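> My structure is stored as final.cif, with mmCIF, C-alpha atoms.
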data_protein
loop_
_atom_site.label_atom_id
_atom_site.label_comp_id
_atom_site.auth_asym_id
_atom_site.auth_seq_id
_atom_site.Cartn_x
_atom_site.Cartn_y
_atom_site.Cartn_z
CA MET A 1358 181.50 -33.67 172.07
CA ALA A 1359 180.82 -36.34 169.50
CA TRP A 1360 177.24 -35.12 169.17
CA LEU A 1361 178.42 -31.71 167.94
CA ASN A 1362 178.69 -32.62 164.27
CA GLY A 1363 177.36 -30.95 161.16
CA THR A 1364 173.94 -32.57 161.46
CA THR A 1365 173.19 -31.25 164.97
CA ILE A 1366 174.55 -27.80 164.13
CA ALA A 1367 172.26 -27.79 161.10
CA MET A 1368 169.33 -28.69 163.39
CA ILE A 1369 170.15 -25.84 165.78
CA LEU A 1370 170.49 -23.35 162.90
CA PHE A 1371 167.20 -24.58 161.47
CA ALA A 1372 165.46 -24.08 164.84
CA ILE A 1373 166.88 -20.56 165.21
CA GLY A 1374 165.90 -19.67 161.65
CA THR A 1375 162.36 -21.02 161.93
CA THR A 1376 161.85 -19.26 165.27
CA ALA A 1377 162.94 -15.95 163.79
CA LEU A 1378 160.83 -16.58 160.69
CA ILE A 1379 157.68 -17.01 162.80
CA ALA A 1380 158.28 -14.68 165.72
CA ARG A 1381 160.04 -11.61 164.31
CA ARG A 1382 157.91 -9.07 162.50
CA ASP A 1383 160.55 -7.23 160.49
CA LEU A 1384 160.50 -8.36 156.85
CA VAL A 1385 164.26 -7.97 156.34
CA ILE A 1386 164.96 -10.09 159.43
CA LYS A 1387 162.46 -12.65 158.11
CA LEU A 1388 164.46 -12.77 154.88
CA LEU A 1389 167.74 -13.23 156.79
CA ALA A 1390 166.10 -16.04 158.79
CA LEU A 1391 165.00 -17.68 155.54
CA GLY A 1392 168.62 -17.56 154.41
CA LEU A 1393 169.67 -19.18 157.69
CA VAL A 1394 167.13 -21.99 157.19
CA ASN A 1395 168.42 -22.49 153.66
CA SER A 1396 172.04 -22.64 154.86
CA SER A 1397 171.09 -25.13 157.55
CA GLY A 1398 169.49 -27.30 154.87
CA ILE A 1399 172.70 -27.16 152.83
CA LEU A 1400 174.81 -28.08 155.87
CA PHE A 1401 172.40 -30.92 156.69
CA LEU A 1402 172.50 -32.40 153.19
CA ILE A 1403 176.29 -32.24 153.07
CA SER A 1404 176.86 -33.66 156.54
CA ILE A 1405 174.45 -36.64 156.46
CA ARG A 1406 176.59 -38.20 153.73
CA PHE A 1407 179.91 -37.08 155.21
CA ARG A 1408 182.31 -39.83 156.21
CA PRO A 1409 185.81 -39.00 157.40
CA GLN A 1410 188.67 -39.55 154.99
CA MET A 1411 186.83 -39.76 151.72
CA ALA A 1412 188.25 -38.60 148.42
CA VAL A 1413 186.66 -35.79 146.38
CA PRO A 1414 184.28 -37.17 143.74
CA ILE A 1415 186.61 -36.41 140.82
CA LEU A 1416 188.19 -39.34 139.01
CA PRO A 1417 190.82 -40.73 139.04
CA ALA A 1418 190.62 -41.06 142.81
CA PRO A 1419 193.62 -42.13 144.87
CA ALA A 1420 193.73 -45.91 145.19
CA GLY A 1421 192.10 -47.55 148.19
CA ILE A 1422 190.14 -44.46 149.32
CA PRO A 1423 186.37 -44.51 148.83
CA ILE A 1424 184.83 -41.63 146.89
CA ALA A 1425 182.36 -39.27 148.54
CA ASP A 1426 178.76 -39.41 147.37
CA PRO A 1427 178.30 -36.79 144.61
CA LEU A 1428 174.50 -36.71 144.88
CA PRO A 1429 174.11 -34.36 147.91
CA GLN A 1430 176.68 -32.01 146.40
CA ALA A 1431 174.69 -31.81 143.18
CA LEU A 1432 171.50 -31.17 145.19
CA VAL A 1433 173.21 -28.43 147.18
CA LEU A 1434 174.24 -26.71 143.95
CA SER A 1435 170.55 -26.32 143.04
CA ALA A 1436 169.76 -25.11 146.57
CA ILE A 1437 172.38 -22.34 146.39
CA VAL A 1438 171.12 -21.03 143.04
CA ILE A 1439 167.49 -21.10 144.19
CA ASN A 1440 168.47 -19.31 147.41
CA PHE A 1441 170.00 -16.54 145.29
CA ALA A 1442 166.84 -16.31 143.19
CA ILE A 1443 164.58 -16.13 146.27
CA LEU A 1444 166.81 -13.50 147.90
CA ALA A 1445 166.84 -11.23 144.82
CA LEU A 1446 163.10 -11.47 144.17
CA SER A 1447 161.97 -11.01 147.79
CA LEU A 1448 164.33 -8.04 148.23
CA VAL A 1449 162.52 -6.38 145.34
CA PHE A 1450 159.12 -7.11 146.93
CA ILE A 1451 160.28 -5.74 150.30
CA MET A 1452 161.62 -2.67 148.51
CA LEU A 1453 158.23 -2.03 146.86
CA LEU A 1454 156.38 -2.54 150.16
CA VAL A 1455 158.70 -0.14 151.99
CA GLU A 1456 158.32 2.50 149.29
CA ARG A 1457 154.53 2.30 149.56
CA TYR A 1458 153.96 1.85 153.32
CA HIS A 1459 157.24 3.25 154.76
CA SER A 1460 157.72 0.34 157.16
CA THR A 1461 159.30 -3.12 157.20
CA ASP A 1462 157.05 -4.27 160.05
CA CYS A 1463 154.61 -6.80 158.61
CA GLY A 1464 151.96 -6.01 161.25
CA ARG A 1465 151.94 -2.33 160.32
CA ILE A 1466 151.86 -3.19 156.62
CA GLU A 1467 148.86 -5.45 157.20
CA HIS A 1468 147.02 -2.67 159.07
CA ALA A 1469 147.81 -0.20 156.30
CA VAL A 1470 146.58 -2.63 153.63
CA GLU A 1471 143.34 -3.24 155.53
CA ALA A 1472 142.79 0.49 156.02
CA GLU A 1473 143.35 1.01 152.29
CA LYS A 1474 140.87 -1.74 151.48
CA ALA A 1475 138.26 -0.22 153.81
CA THR A 1476 138.56 3.23 152.23
CA LEU A 1477 138.37 1.67 148.77
CA GLU A 1478 135.17 -0.21 149.66
CA SER A 1479 133.54 2.87 151.14
CA GLN A 1480 134.45 4.80 148.00
CA ASN A 1481 132.92 2.05 145.86
CA LEU A 1482 129.70 2.12 147.92
CA ALA A 1483 129.52 5.87 147.68
CA GLY A 1484 130.24 5.72 143.94
CA SER A 1485 127.77 2.93 143.13
CA ALA A 1486 124.77 4.41 144.97
CA PRO A 1487 124.15 7.34 142.56
CA GLU A 1488 124.60 5.00 139.60
CA SER A 1489 121.79 2.69 140.76
CA GLU A 1490 119.58 5.71 141.34
CA ALA A 1491 120.30 6.89 137.83
CA GLN A 1492 119.47 3.44 136.44
CA GLU A 1493 116.18 3.42 138.32
CA ALA A 1494 115.39 6.86 136.96
CA THR A 1495 115.97 5.73 133.36
CA GLN A 1496 113.81 2.67 133.87
CA MET B 854 149.00 -12.78 171.31
CA ARG B 855 151.78 -11.21 173.35
CA ARG B 856 155.24 -11.21 171.95
CA PRO B 857 157.13 -13.46 174.44
CA VAL B 858 154.34 -16.03 174.19
CA ARG B 859 154.56 -16.00 170.43
CA THR B 860 158.35 -16.36 170.49
CA ALA B 861 158.18 -19.27 172.92
CA LEU B 862 155.52 -21.03 170.84
CA ALA B 863 157.57 -20.57 167.67
CA ALA B 864 160.71 -21.91 169.38
CA ILE B 865 158.86 -24.97 170.69
CA LEU B 866 157.37 -25.64 167.25
CA SER B 867 160.71 -25.44 165.45
CA LEU B 868 162.42 -27.61 168.07
CA LEU B 869 159.60 -30.14 167.61
CA ILE B 870 160.27 -30.25 163.85
CA CYS B 871 163.96 -30.77 164.58
CA GLY B 872 163.16 -33.57 167.01
CA ILE B 873 161.10 -35.40 164.41
CA VAL B 874 163.99 -35.17 161.94
CA VAL B 875 166.46 -36.40 164.61
CA LEU B 876 164.21 -39.37 165.37
CA ASP B 877 164.10 -40.15 161.68
CA LEU B 878 167.86 -39.95 161.45
CA THR B 879 168.47 -42.49 164.21
CA VAL B 880 166.66 -45.00 162.02
CA LEU B 881 168.60 -43.91 158.95
CA GLU B 882 171.64 -46.08 158.38
CA ASP B 883 174.38 -46.04 155.81
CA PRO B 884 173.30 -48.69 153.30
CA PRO B 885 176.02 -50.68 151.62
CA ARG B 886 176.18 -49.55 148.02
CA PRO B 887 178.11 -50.85 145.05
CA ASP B 888 180.94 -48.68 143.80
CA ASP B 889 179.35 -47.52 140.56
CA SER B 890 181.20 -44.20 140.28
CA ASN B 891 183.43 -45.48 137.46
CA LEU B 892 180.32 -46.51 135.57
CA LEU B 893 178.87 -43.00 135.76
CA ALA B 894 182.15 -41.45 134.58
CA VAL B 895 182.42 -43.82 131.61
CA GLU B 896 178.75 -43.35 130.72
CA THR B 897 178.98 -39.55 130.66
CA GLY B 898 182.67 -39.04 129.91
CA ALA B 899 183.01 -36.60 132.80
CA PRO B 900 185.51 -37.39 135.58
CA ASN B 901 183.89 -34.78 137.84
CA LEU B 902 181.05 -36.90 139.19
CA VAL B 903 179.13 -33.94 140.61
CA SER B 904 178.71 -32.36 137.20
CA ALA B 905 178.01 -35.80 135.74
CA VAL B 906 175.13 -36.07 138.22
CA TYR B 907 173.62 -32.62 137.78
CA LEU B 908 174.08 -32.30 134.02
CA GLU B 909 173.38 -35.87 133.01
CA ALA B 910 171.71 -38.13 135.55
CA ARG B 911 169.58 -35.35 137.07
CA LEU B 912 169.38 -32.92 134.19
CA TYR B 913 165.66 -32.53 134.88
CA ASP B 914 166.46 -30.87 138.25
CA THR B 915 168.95 -28.50 136.66
CA LEU B 916 166.49 -27.55 133.93
CA PHE B 917 163.88 -26.45 136.46
CA GLU B 918 166.51 -24.80 138.63
CA LEU B 919 167.43 -22.68 135.61
CA LEU B 920 163.73 -21.96 135.12
CA VAL B 921 163.52 -20.66 138.72
CA PHE B 922 166.60 -18.50 138.12
CA THR B 923 165.16 -17.12 134.86
CA VAL B 924 161.82 -16.33 136.51
CA ALA B 925 163.61 -14.53 139.35
CA VAL B 926 165.62 -12.41 136.90
CA ILE B 927 162.48 -11.58 134.91
CA GLY B 928 160.64 -10.72 138.14
CA VAL B 929 163.38 -8.42 139.41
CA ARG B 930 163.53 -6.58 136.09
CA PHE B 931 159.73 -6.38 135.74
CA TYR B 932 158.98 -5.07 139.23
CA LEU B 933 161.85 -2.58 139.18
CA SER B 934 161.23 -1.34 135.63
CA HIS B 935 158.36 0.96 136.70
CA ARG B 936 160.43 2.60 139.43
CA PRO B 937 162.10 5.90 138.65
CA SER B 938 165.86 5.70 138.17
CA THR B 939 167.86 7.04 141.08
CA ALA B 940 171.28 6.58 139.50
CA ARG B 941 173.52 9.62 139.31
CA SER B 942 174.35 11.12 135.96
CA THR B 943 178.06 11.06 136.80
CA PRO B 944 179.46 8.13 138.78
CA ILE B 945 181.08 8.67 142.16
CA PRO B 946 184.82 9.01 141.42
CA GLU B 947 186.70 6.00 142.71
CA SER B 948 190.34 5.95 143.76
CA HIS B 949 193.05 5.51 141.13
CA VAL B 950 194.05 2.22 142.74
CA LEU B 951 190.65 0.71 141.95
CA GLN B 952 190.53 2.17 138.45
CA ALA B 953 194.00 0.90 137.56
CA SER B 954 193.57 -2.52 139.14
CA ALA B 955 190.13 -3.08 137.58
CA GLN B 956 191.67 -2.79 134.11
CA ILE B 957 194.21 -5.47 134.96
CA LEU B 958 191.90 -7.71 136.99
CA PHE B 959 188.81 -7.73 134.78
CA PRO B 960 190.26 -9.87 131.95
CA LEU B 961 191.78 -12.24 134.49
CA ILE B 962 188.47 -12.66 136.34
CA LEU B 963 186.67 -13.20 133.02
CA VAL B 964 189.18 -15.88 132.00
CA LEU B 965 188.84 -17.56 135.40
CA GLY B 966 185.05 -17.61 135.01
CA LEU B 967 185.34 -19.07 131.51
CA TYR B 968 187.80 -21.69 132.77
CA LEU B 969 185.45 -22.71 135.59
CA ALA B 970 182.56 -23.00 133.13
CA PHE B 971 184.39 -24.82 130.32
CA PHE B 972 186.35 -27.24 132.52
CA GLY B 973 183.47 -27.96 134.90
CA HIS B 974 183.37 -31.60 133.85
CA LEU B 975 187.07 -32.14 134.59
CA SER B 976 187.79 -30.10 137.70
CA PRO B 977 185.82 -28.34 140.45
CA GLY B 978 183.59 -25.67 139.00
CA GLY B 979 180.73 -25.58 136.55
CA GLY B 980 178.46 -23.22 134.71
CA PHE B 981 176.88 -21.67 137.79
CA SER B 982 180.06 -20.78 139.67
CA GLY B 983 181.82 -19.68 136.47
CA GLY B 984 178.96 -17.35 135.55
CA VAL B 985 178.88 -15.79 139.02
CA VAL B 986 182.67 -15.27 139.00
CA ALA B 987 182.48 -13.49 135.63
CA ALA B 988 179.55 -11.36 136.88
CA SER B 989 181.63 -10.27 139.87
CA GLY B 990 184.23 -9.10 137.34
CA LEU B 991 181.51 -7.00 135.71
CA LEU B 992 180.68 -5.54 139.14
CA LEU B 993 184.33 -4.51 139.49
CA CYS B 994 184.09 -2.82 136.08
CA VAL B 995 180.94 -0.97 137.17
CA MET B 996 182.77 0.30 140.24
CA SER B 997 185.65 1.62 138.19
CA ILE B 998 184.07 3.11 135.02
CA GLY B 999 180.42 3.55 136.01
CA LEU B 1000 177.19 1.68 135.33
CA ASP B 1001 176.07 3.50 132.20
CA THR B 1002 179.33 2.91 130.32
CA VAL B 1003 179.31 -0.83 131.02
CA TYR B 1004 175.58 -1.05 130.23
CA SER B 1005 175.86 0.73 126.88
CA ARG B 1006 178.80 -1.46 125.85
CA LEU B 1007 177.03 -4.68 126.83
CA SER B 1008 173.65 -3.78 125.31
CA GLY B 1009 175.51 -2.88 122.13
CA ALA B 1010 176.63 -6.50 122.05
CA GLY B 1011 173.01 -7.72 122.10
CA VAL B 1012 173.12 -9.06 125.64
CA GLU B 1013 169.39 -8.61 126.27
CA ARG B 1014 168.35 -10.65 123.25
CA LEU B 1015 170.87 -13.31 124.29
CA GLU B 1016 169.22 -13.45 127.71
CA TRP B 1017 165.98 -14.58 126.07
CA ALA B 1018 167.67 -16.89 123.60
CA LEU B 1019 169.82 -18.82 126.11
CA PRO B 1020 167.04 -20.64 128.04
CA MET B 1021 165.55 -21.64 124.67
CA MET B 1022 168.93 -23.00 123.57
CA ILE B 1023 169.36 -24.98 126.80
CA VAL B 1024 165.88 -26.49 126.41
CA ALA B 1025 166.71 -27.26 122.79
CA VAL B 1026 169.88 -29.11 123.84
CA CYS B 1027 167.76 -31.17 126.24
CA VAL B 1028 164.98 -31.91 123.73
CA LEU B 1029 166.99 -32.39 120.52
CA PRO B 1030 168.02 -36.04 121.25
CA LEU B 1031 164.40 -36.88 120.33
CA ALA B 1032 165.23 -35.96 116.74
CA PHE B 1033 167.95 -38.63 116.70
CA GLY B 1034 165.68 -41.31 118.15
CA ARG B 1035 167.12 -41.16 121.66
CA PRO B 1036 165.17 -40.45 124.87
CA ILE B 1037 164.71 -36.85 125.96
CA LEU B 1038 167.38 -35.36 128.32
CA SER B 1039 170.04 -37.82 127.13
CA ASN B 1040 173.41 -37.04 125.56
CA LEU B 1041 173.01 -34.88 122.48
CA LEU B 1042 176.57 -35.40 121.23
CA PRO B 1043 178.50 -38.70 121.30
CA VAL B 1044 180.58 -39.41 124.40
CA GLY B 1045 184.32 -39.52 123.87
CA GLN B 1046 187.24 -40.52 126.04
CA ALA B 1047 186.71 -39.76 129.73
CA GLY B 1048 189.14 -37.19 131.09
CA HIS B 1049 189.55 -35.37 127.78
CA VAL B 1050 188.26 -31.79 127.33
CA PHE B 1051 185.92 -32.94 124.56
CA GLY B 1052 185.26 -36.26 126.29
CA SER B 1053 181.69 -35.25 127.11
CA PRO B 1054 180.67 -32.62 124.54
CA SER B 1055 177.06 -32.33 125.68
CA ILE B 1056 178.07 -31.55 129.29
CA LEU B 1057 180.64 -29.05 127.96
CA LEU B 1058 177.95 -27.41 125.81
CA LEU B 1059 175.46 -27.27 128.68
CA ASN B 1060 178.09 -25.87 131.07
CA ALA B 1061 179.03 -23.15 128.57
CA LEU B 1062 175.37 -22.20 127.96
CA ILE B 1063 174.54 -22.21 131.69
CA GLY B 1064 177.65 -20.14 132.47
CA LEU B 1065 176.63 -17.52 129.91
CA LYS B 1066 173.04 -17.58 131.16
CA VAL B 1067 174.08 -17.10 134.80
CA LEU B 1068 176.54 -14.35 133.81
CA ILE B 1069 173.88 -12.40 131.91
CA GLY B 1070 171.18 -13.08 134.52
CA SER B 1071 173.36 -11.90 137.40
CA TRP B 1072 174.35 -8.84 135.37
CA MET B 1073 170.67 -8.03 134.76
CA VAL B 1074 169.91 -8.30 138.51
CA LEU B 1075 172.95 -6.16 139.35
CA HIS B 1076 171.98 -3.56 136.77
CA ALA B 1077 168.37 -3.40 137.97
CA PHE B 1078 169.38 -2.94 141.61
CA ILE B 1079 172.08 -0.34 140.93
CA HIS B 1080 170.02 1.53 138.34
CA HIS B 1081 166.94 1.84 140.54
CA ARG B 1082 168.49 2.09 143.99
CA GLY B 1083 171.44 4.38 143.38
CA GLU B 1084 175.11 4.11 142.58
CA ILE B 1085 177.31 1.69 144.53
#
Now, as a test, write the supplied structure out as structure tokens.

Amino acid sequence: MAWLNGTTIAMILFAIGTTALIARRDLVIKLLALGLVNSSGILFLISIRFRPQMAVPILPAPAGIPIADPLPQALVLSAIVINFAILALSLVFIMLLVERYHSTDCGRIEHAVEAEKATLESQNLAGSAPESEAQEATQ
Amino acid sequence: MRRPVRTALAAILSLLICGIVVLDLTVLEDPPRPDDSNLLAVETGAPNLVSAVYLEARLYDTLFELLVFTVAVIGVRFYLSHRPSTARSTPIPESHVLQASAQILFPLILVLGLYLAFFGHLSPGGGFSGGVVAASGLLLCVMSIGLDTVYSRLSGAGVERLEWALPMMIVAVCVLPLAFGRPILSNLLPVGQAGHVFGSPSILLLNALIGLKVLIGSWMVLHAFIHHRGEI
């Protein structure tokens, strides 16, 4: 079971998250999958620099023990904050979409948007025709 | 395309991406590196090397990370501000246990958040985690005495103006070394003895500002969600 370390688990989580992100149509589940991908990235960054029996990167370290690399931990800190920002903002967008189209299914939302666009264009055509006639009449 | 076909294609694609990364990793080896951690601690005066990295060596990253956070907070407030409020006029009455314990716990949580923010360069913690801890204390307050009471008290203290001023102050701390003839994003204040609370004053200042910024930003997000989507 030596292959079952943090790196391979991160790969599996990434594959599951990307599959759900592409294949599922529910926006909330897409958002959860995005969170899973983000977590797998965090696990990956932490575990590629993990070596057993390393001291925490806070000085003074115990003598004779090498210190863990602080760089991936600092990167992960940014990733967590940005994950929070993405989650909050996309929840608001999903909320607005659901209030307008009453569905979290992105296929249905797309159909509704296209139907709206079609009615808007037909209205524009109907509205612009009398105007051009009026312009011709004035000329 | 039919659904099982789509799922299978997506799974194959993501596994392919994983495979490429695994192939890359087999080439990746652990390079021998000199032990320069003491150097970083002496240079910045911060024994916590993680905060020395993200507030000194890679301050540029942190600056733009804060920008992303600020934009997200502005976006949440902007897109929810046109929605009608669904909050109740009177909060749902909570149990006496919560009301009594919130009064005791809130100052403690606030002090813990401040400790995490102000001692981020000496011990585990930092501005981000400290700010989020303090914001969770505010959430506890909201649950016990209601959103409107907490909001009126905080906006009386000028929290909203502070939310705009804090990113400016953080950028100013990063840019001001230019005025003293030093490169941008370097130490604003002189480095003292490593391991002391004031050993790295610029990291302490940045941690305090970031903690306050994250506290107010998280509170704004919390307030927007509760105010426009109903009481918790």
> Please check the contacts: residues of chain B at most 6 Å away from chain A, using all atoms listed in the file, listed as a PDB file with C-alpha atoms, in the coordinates of the input.

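Okay, this is what ended up in out_16.pdb:
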ATOM      1  CA  THR B 860     158.350 -16.360 170.490  1.00  0.00           C
ATOM      2  CA  ALA B 863     157.570 -20.570 167.670  1.00  0.00           C
ATOM      3  CA  ALA B 864     160.710 -21.910 169.380  1.00  0.00           C
ATOM      4  CA  SER B 867     160.710 -25.440 165.450  1.00  0.00           C
ATOM      5  CA  LEU B 868     162.420 -27.610 168.070  1.00  0.00           C
ATOM      6  CA  CYS B 871     163.960 -30.770 164.580  1.00  0.00           C
ATOM      7  CA  PRO B 900     185.510 -37.390 135.580  1.00  0.00           C
ATOM      8  CA  ASN B 901     183.890 -34.780 137.840  1.00  0.00           C
ATOM      9  CA  LEU B 902     181.050 -36.900 139.190  1.00  0.00           C
ATOM     10  CA  VAL B 903     179.130 -33.940 140.610  1.00  0.00           C
ATOM     11  CA  TYR B 907     173.620 -32.620 137.780  1.00  0.00           C
ATOM     12  CA  PHE B 922     166.600 -18.500 138.120  1.00  0.00           C
ATOM     13  CA  ALA B 925     163.610 -14.530 139.350  1.00  0.00           C
ATOM     14  CA  VAL B 929     163.380  -8.420 139.410  1.00  0.00           C
TER      15      VAL B 929
END
> Work out how far apart CA of Arg1082 (chain B) and CA of Ser938 (chain B) are and give it in Å to one decimal.
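One can read the CA of Arg1082 (chain B) to CA of Ser938 (chain B) distance as 7.3 Å.
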> Need to verify the contact set: Ala1018 (chain B), 12 Å, only C-alpha atoms, exclusion of same-chain residues closer than 5 positions in sequence. Can you return it as a list in words?
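Residues meeting the cut-off are Thr923, Gly1011, Val1012, Glu1013, Ile1023, Val1024, Ala1025, Leu1062, Ile1063, Leu1065, Lys1066 and Ile1069 of chain B.
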> To one decimal in Å, tell me the separation between CA of Leu1059 (chain B) and CA of Val985 (chain B).
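So the answer is 15.8 Å.
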> Taking the file as shown, what set of residues would the PyMOL selection byres ((chain A and resi 1457-1474) around 10) give back, as a ChimeraX atom specification?
/A:1381-1387,1451-1456,1475-1480
> Just to confirm, what's the straight-line distance from CA of Ser976 (chain B) to CA of Leu1075 (chain B) in Å (one decimal)?
28.2 Å
> Since fewer atoms than expected are present, regenerate N, CA and C atoms for region 1461-1476 of chain A and write them as a short mmCIF file (atom, residue, chain, number, x, y, z; two decimals), keeping the file's coordinate frame.

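The resulting part-v5.cif:
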data_model
loop_
_atom_site.label_atom_id
_atom_site.label_comp_id
_atom_site.auth_asym_id
_atom_site.auth_seq_id
_atom_site.Cartn_x
_atom_site.Cartn_y
_atom_site.Cartn_z
N THR A 1461 158.99 -1.72 157.49
CA THR A 1461 159.30 -3.12 157.20
C THR A 1461 158.59 -4.03 158.18
N ASP A 1462 157.78 -3.47 159.07
CA ASP A 1462 157.05 -4.27 160.05
C ASP A 1462 155.82 -4.87 159.38
N CYS A 1463 155.71 -6.21 159.38
CA CYS A 1463 154.61 -6.80 158.61
C CYS A 1463 153.27 -6.55 159.28
N GLY A 1464 153.23 -6.34 160.60
CA GLY A 1464 151.96 -6.01 161.25
C GLY A 1464 151.44 -4.65 160.79
N ARG A 1465 152.34 -3.67 160.76
CA ARG A 1465 151.94 -2.33 160.32
C ARG A 1465 151.50 -2.36 158.86
N ILE A 1466 152.22 -3.13 158.04
CA ILE A 1466 151.86 -3.19 156.62
C ILE A 1466 150.48 -3.80 156.47
N GLU A 1467 150.18 -4.84 157.28
CA GLU A 1467 148.86 -5.45 157.20
C GLU A 1467 147.78 -4.46 157.57
N HIS A 1468 148.01 -3.68 158.66
CA HIS A 1468 147.02 -2.67 159.07
C HIS A 1468 146.82 -1.66 157.95
N ALA A 1469 147.92 -1.22 157.35
CA ALA A 1469 147.81 -0.20 156.30
C ALA A 1469 147.03 -0.75 155.11
N VAL A 1470 147.29 -2.03 154.76
CA VAL A 1470 146.58 -2.63 153.63
C VAL A 1470 145.10 -2.73 153.93
N GLU A 1471 144.76 -3.11 155.18
CA GLU A 1471 143.34 -3.24 155.53
C GLU A 1471 142.66 -1.88 155.53
N ALA A 1472 143.37 -0.85 156.03
CA ALA A 1472 142.79 0.49 156.02
C ALA A 1472 142.54 0.95 154.58
N GLU A 1473 143.50 0.65 153.71
CA GLU A 1473 143.35 1.01 152.29
C GLU A 1473 142.13 0.31 151.69
N LYS A 1474 141.98 -0.97 152.03
CA LYS A 1474 140.87 -1.74 151.48
C LYS A 1474 139.54 -1.15 151.95
N ALA A 1475 139.50 -0.77 153.25
CA ALA A 1475 138.26 -0.22 153.81
C ALA A 1475 137.88 1.09 153.11
N THR A 1476 138.87 1.97 152.90
CA THR A 1476 138.56 3.23 152.23
C THR A 1476 138.12 2.98 150.80
#
